[in-house]
Structure formats: C-alpha cells, structure tokens
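Inspection log for the structure reproduced underneath, given as structure tokens.
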Amino acid sequence: MTAVCIDGKAFAAKVRAQVAQHVAKLQEEQGIKPGLAVVLVGEDPASAVYVASKGKMTVEVGMTSIEHKLSADTSEETLLSLIDQLNKDPEIHGILVQLPLPSHLNSELVINSIDPAKDVDGFHISNVGLLGTGQKSMVPCTPLGCLMMLRDHLGSLSGLHAVVVGRSNIVGKPMAQLLLGDSCTVTIVHSRTKDLPAMCRSADILVAAVGRPEMITGDYVKPGATVIDVGINRIERDGKKKLVGDVEFASAAAVAGAITPVPGGVGPMTIACLLANTLTACCRANGLPEPEGLTA
Ligand code: GUN
C-alpha cells in the first residue's frame with residue numbers, strides 16, 4: 001500500500017471535541033443548550049442502533065437529546081403532529097426523522113413538514129434548493145463529513161477534478177454541489193455511464209457512493225488520487241460477516257495518494273456532522289455567529 005489512510009474515526013473525534021467546546025461556551029455565555037430530537041418509527045434493528053449511538057454522542061457533547069420512539073403502525077397524522085410540536089419547541093434546534101420509514105408513510109411529505117431551519121439532515125426541499133443555488137442551508141451530514149475530510153487532507157480543492165460515483169439525493173447529488181461550491185470541476189457518474197473505469201481514472205478526487213460492495217478497484221483510480229469511500233456494505237465472506245465499502249481497499253490503496261477505510265472512514269463523520277449541524281442550527285436560531293470550520 002502506498003496511499004495515506006485518512007483516519008475518519010480520529011477526525012470525527014476532533015470534530016466532536018470542537019462541537020463540545022462551542023456547546024460549553026454557548027451554555028456559559030448565553031445560557032443556551034442545543035437540543036436534538038430524533039424520531040424513530042418502527043423496530044428496524046439497524047435504525048435502533050444508529051439512533052442509540054446518535055443519542056449517546058449528543059449527550060457526550062453537552063447537548064440535550066430527545067428520542068421519540070413510535071410503533072411501526074403509527075399514522076401519518078400522529079407523526080406529522082409530533083413534528084409540528086417539535087417545530088414549535090424552542091428548546092429543540094434540530095429534528096431528525098430516521099429513515100427508512102415504514103412503507104405506509106410518505107417520506108417526502110414527512111421530511112418536508114420539518115421546519116427547514118431545524119432540518120439537520122438537510123433533506124427538506126428548501127435546503128436542497130438553497131444548497132443547489134449556493135445559498136446558506138443545512139447540509140446533509142455524510143457529504144459534509146466527506147468535504148471536511150477532503151479540505152483537511154488537501155487544503156484547497158479549487159480546480160481539482162472530482163468524480164462522484166452515485167446520484168442519490170442523500171449523498172451523490174449534495175456531494176457534487178458541495179464540491180462545486182469549493183470550485184472543483186465535478187462529474188457525476190452512475191451505473192449507466194459509458195466506460196466508468198476511464199471516467200473514474202480521470203479523477204483527482206474520487207467519491208464512491210454506489211452501495212455496491214468493492215465495485216471500485218485499483219484500475220478505477222488515477223495514481224495519487226484521493227479516494228473517499230462512502231459505502232457501508234454488510235457481506236459474508238469465508239463464512240464470516242464483514243463490513244466493506246464500495247471500494248476494494250487493497251487494490252485502490254496501491255494506486256491512490258490517500259484513501260478512507262471502511263470501517264473507520266466516512267462512517268464516524270456522519271454523526272459528528274449531525275452534531276455540528278445541530279450546533280449551527282442553534283446558533284442561527286439565536287442570531288449568534290456560526291462556528292467556524294463546522295459548516296460548508
Ligand atoms: N438512515 C440512514 N442514514 C440516515 C441519515 O443520515 N439520516 C436519516 N434521517 N436517516 C438515515
């Protein structure tokens with residue numbers, strides 16, 4: 001391996017420590033404590049693990065964590081009424097509705113009922129539009145985490161060619177917008193793209209967000225490129241359960257200049273950025289300056 005391994009776990013801990021410092025200052029100087037409400041509908045075990053982890057880290061940085069656990073058969077009316085109540089609650093600065101929702105609930109309607117100023121996921125259509133037009137918004141946590149790691153590793157991204165593999169609303173599209181905002185030349189590629197390996201090999205920055213285990217191998221990577229692996233795929237190999245990314249780590253690391261591992265790369269940054277977004281939302285709600293280095 002020749003690539004530098006970008007340690008997302010350590011970087012996320014640093015971001016959380018910065019958030020905690022700002023939270024302590026807010027409390028001391030303004031008597032304000034940021035609050036994050038997480039809503040979980042149903043009993044999906046993976047979602048329950050994420051929500052518990054979010055709650056623990058929210059408390060660790062000194063914020064208030066509120067969890068609303070609703071049964072899988074909760075009606076849309078009940079969920080919308082809870083969101084309305086959280087929208088009006090001055091102690092709550094961030095609202096996150098854990099996805100996926102049970103199929104009888106309209107996810108778009110639910111997400112768009114969150115006050116955009118409290119939409120710490122950055123999924124509300126207003127925030128999508130603000131980001132797309134380069135205006136101040138709430139930015140989706142995973143792409144924000146990737147951007148922070150890229151800035152930390154490369155400094156200025158200006159003029160670099162970034163190729164984003166995947167066109168999801170949660171990662172691919174907002175990632176491309178953020179990279180454009182940092183003056184990259186951006187290409188989005190996907191499963192229908194012709195000669196995908198050659199397109200990827202033209203990238204100075206390669207962001208893999210396709211959800212296909214180890215699809216991006218070393219021959220997709222330009223020598224010296226920075227590779228960000230957003231994939232979290234649970235697979236079974238040699239009878240053992242394993243977590244792998246969208247990038248085949250060994251072959252890509254032999255060519256890349258720097259690469260994020262899975263686990264321990266992008267994953268830990270998502271929750272760190274959720275906390276950063278909650279802090280940002282709290283500062284904005286109170287007319288206070290936003291924390292530096294924790295927003296796009
Ligand atoms: N489920 C998996 N990842 C996420 C996320 O980032 N936000 C929400 N709301 N749900 C998720």
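Naming works like this for the structure tokens: A, B, ... for the chains as they're shown, residue 1 at the start of each chain, ligands 1 onward in shown order.
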
**Request:** Determine, counting only C-alpha atoms, which protein, DNA and RNA residues have an atom within 7 Å of an atom of range 163-171 of chain A; residues of the same chain fewer than 6 positions away are not included. Present the result as a PyMOL selection string.
**Result:** chain A and resi 140+142-143+186-190+200+203+205-210

**Request:** For Ala117 in chain A, list every protein, DNA or RNA residue within 9 Å, evaluated using only C-alpha atoms, and leave out those in the same chain fewer than 3 positions away; present the list as a list in words.
**Result:** His93, Gly94, Ile114, Val120, Asn127, Ser137, Met138, Ala281, Arg284 and Ala285 of chain A

**Message:** Between CA of Thr2 in chain A and CA of Val15 in chain A, what distance in Å does the model show, to one decimal?
**Reply:**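 Going from CA of Thr2 in chain A over to CA of Val15 in chain A, I get 26.9 Å.
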
**Request:** Please write out the residues within 6 Å of ligand 1 as a ChimeraX atom specification, counting only C-alpha atoms and all ligand atoms.
**Result:** /A:96-99,121

**Asked** With distances taken over only C-alpha atoms, which of A:Val4, A:Leu109, A:Leu26, A:Ile125 is nearest to Val255 in chain A?
**Response**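 Comparing A:Val4, A:Leu109, A:Leu26, A:Ile125 against Val255 in chain A, the winner is A:Val4.
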
**Message:** Can you pull out the residues contacting Leu144 in chain A? Cut-off 12 Å, using only C-alpha atoms, and skip same-chain residues under 5 positions away; I want them as a ChimeraX atom specification.
**Reply:** /A:12,15,120-122,131,137-139,149-151,170-172,174-179,181-182,230,266-267,269-277,293-296

**Request:** Would you return as a PyMOL selection string the members of range 139-237 of chain A that DSSP assigns to alpha helix (DSSP H) on this structure's backbone?
**Result:** chain A and resi 141-154+172-181+196-201

**Surrounding residues of Thr260 in chain A excluding itself and chain neighbours under 6 positions, 8 Å, only C-alpha atoms, as a list in words** =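 Listed by chain and then number, they are Cys5, Ile6, Asp7, Gly8, Val227, Ile228, Asp229 and Val266 of chain A.
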